[in-house]
Each structure stands twice: as structure tokens, then as C-alpha cells.
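Q: One structure, pasted below without further comment.
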Amino acid sequence: MKLGEGRLGPAEYSIYGFSGAAVWVSGKIDLPVTFGTYPLQKTIMTTFMVVDIPFTYSGIIGCPTLRDLGAVVSTPHLKMKFPTRTGIGEVRGQQMMARQCYAASLKGSNAPAENFMIGSEDPRERARTVRGEPIEELDSIPISEDQPEKEVRIGSLLKGTLRDQMISFLRANKDVFAWSALDMPGIPPEMTVHRVNVNPTLKPVRQKKRNFAAERQTHIKAKVKKLLQAGFVKEIRYPEWLSNAVMVKKANGGWWACIDFTDLNCACTKDPYPLPCIDQLIDATSRHELLTFLDAFSSYNQIKMHEPDIPKTAFITDQGVYCYIVMSFGLKNARATYQRLVNKLFRKQIGRNVKVYVDDMLVKSLEAREHISDLQETFDTLRGPG
């Protein structure tokens with residue numbers, strides 16, 4: 001590939017990498033990019049965002065350019081083919097260089113690549129292995145005068161009138177935010193519930209109670225107490241299905257208490273409802289001046305369980321036997337149920353100014369001056385679903 005000449009223009013906004021880190025854009029530039037070799041080549045004007053950071057790749061071509069090129073990409077073969085006026089052109093990558101770039105990215109190396117290449121790594125794998133720190137600092141903004149501990153965070157690079165408008169907007173819509181289960185009304189059952197579609201020909205499984213060390217028992221007891229206070233679980237007697245609590249090691253060395261629904265999940269039919277492609281969601285944010293990320297509070301627990309299926313979620317602890325009234329994170333098809341809900345909620349906005357992946361929501365605006373109205377539309381949807 002060859003690059004033409006261009007002039008750097010202003011672009012005062014941030015972009016977000018695969019790890020979620022914000023990167024300030026120094027400028028943008030439109031360059032003619034020639035793919036292939038003569039006579040099987042094609043030239044396309046491409047807008048590049050210029051960032052002043054060390055990175056494994058010297059440049060990345062996104063999906064909009066690949067779409068305009070009409071390219072068909074084979075990542076395992078490091079090859080890309082595309083139609084030209086004289087036939088099918090192709091661009092070949094270098095296996096050795098690709099492996100060096102991939103290894104460097106996993107190690108967090110700042111060594112730049114020697115050639116301009118299309119990134120061949122899987123962004124989902126990168127997100128799992130490399131967790132970068134945000135380049136843009138976040139400012140905590142109290143949105144309640146009588147409860148200053150209730151804060152939201154906005155980017156420190158947001159300045160002037162737009163910053164003031166954003167703070168005023170957030171304070172005017174503080175009822176949409178939740179800091180505890182008491183602030184969370186939940187999703188009306190008539191809108192959606194989670195069903196546990198168990199194969200009726202299979203025999204229910206009652207797991208034998210597991211014994212844990214005293215430290216882990218303390219974590220389980222605290223977990224159950226928190227769930228009871230939030231109204232997410234209740235006691236149950238004589239359940240047919242019974243699961244155990246299980247302890248999962250956190251990255252910080254602590255413990256996370258959850259429920260082992262393995263047997264129950266194996267007896268359930270898979271819900272094939274499609275989830276969005278993460279790669280396409282990332283590319284869809286390009287050329288947008290302002291983004292806002294929203295995360296649903298205790299997301300899965302906002303959906304109620306289908307009443308007849310509640311006893312199937314029973315689990316045993318030293319404190320007793322309980323079952324979930326709301327959808328639990330570990331249940332099969334939970335993500336499909338949630339994605340179906342958010343697709344229904346944001347059906348008028350998805351593809352225009354909102355992207356949603358399960359419980360992560362992104363509000364995007366092509367122009368910064370439109371962002372408050374885009375947020376208002378989104379908050380109105382959250383405030384009154386349906």
C-alpha cells in the first residue's frame with residue numbers, strides 16, 4: 001500500500017481503543033491510499049485520525065475503508081483481495097512481521113512496526129490480555145446537592161460551554177442513575193422475563209453441598225446477605241434443582257462468590273439470539289466527535305425470573321437454601337435475554353446514535369453540539385421503557 005500527501009486538520013476529540021482507554025486525537029487528515037500493485041490496484045481517499053502515542057502498528061485501516069474498497073480479508077492467510085477495473089487485486093501481509101507485532105502488543109511493547117500494516121490481532125483477545133490506563137483523566141462531578149457522594153465522571157478534556165451543559169444535563173436527569181438496589185425499579189415483567197427452558201425429559205440434579213474454608217464461608221455469607229437485602233433472592237424449601245455456591249479468584253487476589261449452575265445450564269436449550277459483533281461496534285464510533293459510555297447498574301438483576309422457573313435457580317449454602325427472584329449472571333442464555341431487551345428498548349436509536357452490547361451502552365454524536373440532545377433521547381428511553 002502507498003500513501004499520498006495531505007494536510008493535517010483539527011479534530012478536537014478523543015477516540016477509544018480496544019481496551020477502553022481514551023486517546024486524544026491530534027488531528028485528522030484525508031490521504032489517497034493505493035492498494036495493490038499496478039495494474040491490479042485501487043486508490044481510495046481515506047480519513048486518518050492522528051494520535052501522538054507509541055503503538056505497535058504505524059497505522060490501522062478500519063472497516064469503512066475496507067467496505068469502500070470492496071475487500072475480502074483472510075486473517076489466517078494475511079491476505080486481502082478486492083475488485084479493480086482490470087481484475088482482482090490483492091495485498092499480502094508478512095507472517096514474521098505480524099507475529100512480531102502481535103507479540104509486542106501482548107507484552108505492552110512500545111516498539112513501532114516497520115511497515116504500514118492492517119492489524120491482524122483479535123481486538124477481543126487484546127482487550128482480555130492488555131488493560132491500558134485511560135490517557136484522559138476523568139473528573140468526578142456530584143449531581144445531587146444534598147448527597148455529594150453521588151457522583152458521575154466526565155472527561156477532563158471537555159471544556160467550556162459544552163462541559164457546563166453536560167453537568168447541568170446530568171444533574172437535571174439524576175433520577176436515571178442508581179447507586180444501590182433501592183434506586184433500581186427493575187424491568188416490568190410484562191416487558192420481559194428470563195425463562196429457564198429445561199428439557200423435560202432430563203432428570204433434575206441436586207448437587208451435593210460443598211464445604212469451604214472459614215475465609216470463603218465469610219465471603220459466601222456476605223454475598224447471600226447482600227442478595228437478601230436487595231430482594232434478589234428468597235428462601236425456598238424442597239427444590240428439585242439444587243446448585244452450589246462456588247468461589248472464583250479475582251485479579252486483585254480477592255474472592256468472588258457466585259453460583260455453579262453447570263448442571264442446570266446443561267439441561268437448558270440454547271437461545272440463538274445474536275449478539276452484536278464487537279469489531280463492528282468499535283468501528284461504528286469512528287468520526288464521531290463525542291461519546292458517552294453508560295453501564296447498567298446490577299444489569300442482569302434488573303430482569304425478573306419467569307415465575308414457574310424461580311425454584312430451578314435454587315442454591316445451597318451453610319446459611320440455608322435460596323433461589324433467585326431475578327435473573328442471575330451465571331444462568332444460560334442470560335446475555336441473550338438482556339440483548340433482546342436492549343434491542344427492543346433502543347430500536348429507534350440503534351444504528352443512529354446508540355450502540356449497545358448487552359449491558360454496555362454507547363451514545364455517540366457526529367458533532368459535539370448534538371450530544372446533549374442524543375443523551376436526552378437516550379435518558380428518556382431509560383426512564384420510560386417501551
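Identifiers for the C-alpha cells are assigned positionally: chains receive A, B, ... in sequence, residues are indexed from 1 per chain, and ligands are indexed from 1 in the order shown.
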Please provide as a list in words all residues within 12 Å of Pro64 (chain A), with the sequence filter that same-chain residues fewer than 2 positions apart are discarded (counting only C-alpha atoms).
A: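 The contact residues come out as Ile44, Met45, Thr46, Thr47, Phe48, Ile60, Ile61, Gly62, Leu66, Arg67, Asp68, Leu69, Gly70, Ala71, Asp279, Gln280, Ile282, Asp283, Ala284, Thr285, Ser286 and Arg287 of chain A.
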Q: Compile the contact shell of Asn211 (chain A) as a PDB file with N, CA and C atoms, in the first residue's frame: residues with an atom at most 9 Å away, counting only C-alpha atoms, same-chain residues fewer than 6 positions apart removed.
A:
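So the final result, stored in part25.pdb, reads:
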ATOM      1  N   GLN A 217     -16.222 -19.078  53.462  1.00  0.00           N
ATOM      2  CA  GLN A 217     -17.573 -19.088  54.000  1.00  0.00           C
ATOM      3  C   GLN A 217     -18.024 -17.676  54.377  1.00  0.00           C
ATOM      4  N   THR A 317     -26.225 -23.118  50.746  1.00  0.00           N
ATOM      5  CA  THR A 317     -25.092 -22.572  51.496  1.00  0.00           C
ATOM      6  C   THR A 317     -25.215 -23.052  52.944  1.00  0.00           C
ATOM      7  N   ASP A 318     -24.244 -22.699  53.774  1.00  0.00           N
ATOM      8  CA  ASP A 318     -24.325 -23.049  55.197  1.00  0.00           C
ATOM      9  C   ASP A 318     -25.457 -22.312  55.894  1.00  0.00           C
TER      10      ASP A 318
END
Q: Would you kindly return, as a list in words, each protein, DNA or RNA residue with an atom no farther than 10 Å from any atom of Trp179 (chain A), considering only C-alpha atoms and excluding same-chain residues fewer than 5 positions away?
A: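 These residues fall inside the cut-off: Glu149, Lys150, Glu151, Met184, Phe297 and Ser298 of chain A.
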Q: Using only C-alpha atoms, which residue out of A:Met80, A:Val196, A:Val33, A:Ile88 lies closest to Gly59 (chain A)?
A: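 For Gly59 (chain A), the nearest of the candidates is A:Val33.
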Q: Write down as a list in words the residues of region 334-386 of chain A whose backbone DSSP state falls under strand (DSSP E or B).
A: Ile350, Val354, Lys355, Val356, Tyr357, Asp360, Met361, Leu362, Val363, Lys364 and Ser365 of chain A
Q: For Pro10 (chain A), which residue among A:Gly27, A:Pro274, A:Pro142, A:Gly384 is the nearest when counting only C-alpha atoms?
A: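 Residue with the minimum atom-to-atom distance to Pro10 (chain A): A:Gly27.
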Q: Would you pick out the contacts of Thr313 (chain A) at 9 Å or less, using only C-alpha atoms, so that residues sharing its chain but fewer than 6 positions from it are not included, and give the list as a ChimeraX atom specification?
A: /A:196,239,241-243,261,264,322-325,328,331
Q: Report as a count of residues only: the residues of region 132-180 of chain A with a DSSP assignment of helix (DSSP H, G or I), based on the backbone of this structure.
A: 16
Q: Give me the residues within 12 Å of Thr337 (chain A) as a PyMOL selection string, counting only C-alpha atoms and dropping any in the same chain fewer than 6 places off.
A: chain A and resi 191-196+270-275+299-306+327-329+331+343-344+358-359
Q: Between A:Lys355, A:His371, A:Lys312, A:Lys174, single out the one closest to Val198 (chain A), counting only C-alpha atoms.
A: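 Ranked by minimum distance to Val198 (chain A), first place goes to A:Lys312.
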Q: Give the answer as one residue: which of A:Val25, A:Val233, A:Ile53, A:Ala178 has the shortest atom-to-atom distance to Arg383 (chain A), using only C-alpha atoms?
A: A:Ala178
Q: So that I can check the surroundings of Arg153 (chain A), please list as a ChimeraX atom specification every protein, DNA and RNA residue that reaches within 9 Å of it, counting only C-alpha atoms and ignoring chain neighbours fewer than 6 positions away.
A: /A:138-142
Q: May I have the residues within 7 Å of region 364-370 of chain A as an NGL selection string, using only C-alpha atoms and disregarding those fewer than 6 positions away in the same chain?
A: :A and (285 or 287-292 or 353-354)
Q: Once you have the residues from the selection above, write them out as a PDB file, in the first residue's frame, restricted to all heavy atoms.
A:
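The result, stored in part.pdb:
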ATOM      1  N   THR A 285     -17.824   3.796  15.931  1.00  0.00           N
ATOM      2  CA  THR A 285     -17.582   5.028  16.676  1.00  0.00           C
ATOM      3  C   THR A 285     -16.641   5.973  15.943  1.00  0.00           C
ATOM      4  O   THR A 285     -16.458   7.111  16.385  1.00  0.00           O
ATOM      5  CB  THR A 285     -16.968   4.709  18.050  1.00  0.00           C
ATOM      6  OG1 THR A 285     -15.686   4.084  17.870  1.00  0.00           O
ATOM      7  CG2 THR A 285     -17.879   3.777  18.838  1.00  0.00           C
ATOM      8  N   ARG A 287     -15.091   8.741  13.539  1.00  0.00           N
ATOM      9  CA  ARG A 287     -15.565  10.020  13.005  1.00  0.00           C
ATOM     10  C   ARG A 287     -16.664  10.663  13.848  1.00  0.00           C
ATOM     11  O   ARG A 287     -17.321  11.593  13.397  1.00  0.00           O
ATOM     12  CB  ARG A 287     -16.028   9.867  11.553  1.00  0.00           C
ATOM     13  CG  ARG A 287     -14.940   9.299  10.633  1.00  0.00           C
ATOM     14  CD  ARG A 287     -15.440   9.107   9.229  1.00  0.00           C
ATOM     15  NE  ARG A 287     -14.423   8.455   8.397  1.00  0.00           N
ATOM     16  CZ  ARG A 287     -14.597   8.109   7.131  1.00  0.00           C
ATOM     17  NH1 ARG A 287     -15.759   8.352   6.543  1.00  0.00           N
ATOM     18  NH2 ARG A 287     -13.636   7.519   6.444  1.00  0.00           N
ATOM     19  N   HIS A 288     -16.879  10.172  15.058  1.00  0.00           N
ATOM     20  CA  HIS A 288     -17.825  10.813  15.967  1.00  0.00           C
ATOM     21  C   HIS A 288     -17.047  11.701  16.935  1.00  0.00           C
ATOM     22  O   HIS A 288     -16.042  11.283  17.503  1.00  0.00           O
ATOM     23  CB  HIS A 288     -18.631   9.765  16.741  1.00  0.00           C
ATOM     24  CG  HIS A 288     -19.660   9.077  15.896  1.00  0.00           C
ATOM     25  ND1 HIS A 288     -19.325   8.136  14.951  1.00  0.00           N
ATOM     26  CD2 HIS A 288     -21.011   9.203  15.846  1.00  0.00           C
ATOM     27  CE1 HIS A 288     -20.424   7.694  14.349  1.00  0.00           C
ATOM     28  NE2 HIS A 288     -21.460   8.336  14.881  1.00  0.00           N
ATOM     29  N   GLU A 289     -17.528  12.910  17.129  1.00  0.00           N
ATOM     30  CA  GLU A 289     -16.793  13.874  17.935  1.00  0.00           C
ATOM     31  C   GLU A 289     -16.907  13.620  19.433  1.00  0.00           C
ATOM     32  O   GLU A 289     -15.983  13.912  20.181  1.00  0.00           O
ATOM     33  CB  GLU A 289     -17.276  15.300  17.630  1.00  0.00           C
ATOM     34  CG  GLU A 289     -16.834  15.818  16.268  1.00  0.00           C
ATOM     35  CD  GLU A 289     -17.108  17.300  16.101  1.00  0.00           C
ATOM     36  OE1 GLU A 289     -17.722  17.893  17.000  1.00  0.00           O
ATOM     37  OE2 GLU A 289     -16.694  17.852  15.063  1.00  0.00           O
ATOM     38  N   LEU A 290     -18.034  13.094  19.877  1.00  0.00           N
ATOM     39  CA  LEU A 290     -18.233  12.930  21.321  1.00  0.00           C
ATOM     40  C   LEU A 290     -18.944  11.619  21.614  1.00  0.00           C
ATOM     41  O   LEU A 290     -19.880  11.237  20.909  1.00  0.00           O
ATOM     42  CB  LEU A 290     -19.056  14.103  21.872  1.00  0.00           C
ATOM     43  CG  LEU A 290     -18.853  14.464  23.349  1.00  0.00           C
ATOM     44  CD1 LEU A 290     -17.386  14.717  23.660  1.00  0.00           C
ATOM     45  CD2 LEU A 290     -19.678  15.684  23.708  1.00  0.00           C
ATOM     46  N   LEU A 291     -18.476  10.937  22.658  1.00  0.00           N
ATOM     47  CA  LEU A 291     -19.037   9.649  23.062  1.00  0.00           C
ATOM     48  C   LEU A 291     -19.335   9.679  24.552  1.00  0.00           C
ATOM     49  O   LEU A 291     -18.612  10.295  25.334  1.00  0.00           O
ATOM     50  CB  LEU A 291     -18.053   8.507  22.779  1.00  0.00           C
ATOM     51  CG  LEU A 291     -17.470   8.388  21.375  1.00  0.00           C
ATOM     52  CD1 LEU A 291     -16.398   7.307  21.350  1.00  0.00           C
ATOM     53  CD2 LEU A 291     -18.559   8.072  20.370  1.00  0.00           C
ATOM     54  N   THR A 292     -20.388   8.992  24.952  1.00  0.00           N
ATOM     55  CA  THR A 292     -20.693   8.784  26.367  1.00  0.00           C
ATOM     56  C   THR A 292     -20.945   7.302  26.593  1.00  0.00           C
ATOM     57  O   THR A 292     -21.724   6.675  25.873  1.00  0.00           O
ATOM     58  CB  THR A 292     -21.941   9.583  26.803  1.00  0.00           C
ATOM     59  OG1 THR A 292     -21.630  10.979  26.772  1.00  0.00           O
ATOM     60  CG2 THR A 292     -22.349   9.213  28.216  1.00  0.00           C
ATOM     61  N   ASN A 353     -27.635   6.797  16.830  1.00  0.00           N
ATOM     62  CA  ASN A 353     -26.815   7.476  17.832  1.00  0.00           C
ATOM     63  C   ASN A 353     -26.543   6.626  19.061  1.00  0.00           C
ATOM     64  O   ASN A 353     -26.046   7.126  20.070  1.00  0.00           O
ATOM     65  CB  ASN A 353     -27.464   8.798  18.263  1.00  0.00           C
ATOM     66  CG  ASN A 353     -28.871   8.603  18.828  1.00  0.00           C
ATOM     67  OD1 ASN A 353     -29.334   7.472  18.998  1.00  0.00           O
ATOM     68  ND2 ASN A 353     -29.543   9.703  19.123  1.00  0.00           N
ATOM     69  N   VAL A 354     -26.855   5.339  18.997  1.00  0.00           N
ATOM     70  CA  VAL A 354     -26.638   4.439  20.129  1.00  0.00           C
ATOM     71  C   VAL A 354     -26.105   3.101  19.627  1.00  0.00           C
ATOM     72  O   VAL A 354     -26.531   2.607  18.579  1.00  0.00           O
ATOM     73  CB  VAL A 354     -27.944   4.221  20.930  1.00  0.00           C
ATOM     74  CG1 VAL A 354     -27.851   2.998  21.818  1.00  0.00           C
ATOM     75  CG2 VAL A 354     -28.268   5.442  21.781  1.00  0.00           C
TER      76      VAL A 354
END
Q: Rounded to one decimal place, report the CA of Phe35 (chain A)-CA of Val51 (chain A) distance in Å.
A: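 We find that CA of Phe35 (chain A) and CA of Val51 (chain A) lie 23.0 Å from each other.
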Q: Looking at A:Trp24, A:Phe293, A:Tyr238, A:Leu170, which one is nearest to Leu157 (chain A), with distances taken over only C-alpha atoms?
A: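 Counting only C-alpha atoms, the residue closest to Leu157 (chain A) is A:Trp24.
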Q: Could you state the separation of CA of Lys332 (chain A) and CA of Asn265 (chain A) in Å, given to one decimal place?
A: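 For CA of Lys332 (chain A) relative to CA of Asn265 (chain A), the distance reads 5.4 Å.
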Q: Can you measure CA of Asn244 (chain A) to CA of Pro188 (chain A) for me? One decimal in Å is fine.
A: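 Interatomic distance, CA of Asn244 (chain A) to CA of Pro188 (chain A): 29.0 Å.
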Q: Measuring between only C-alpha atoms, which one of A:Cys268, A:Leu227, A:Ile167, A:Val152 shows the shortest distance to Ala334 (chain A)?
A: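 Counting only C-alpha atoms, the residue closest to Ala334 (chain A) is A:Cys268.
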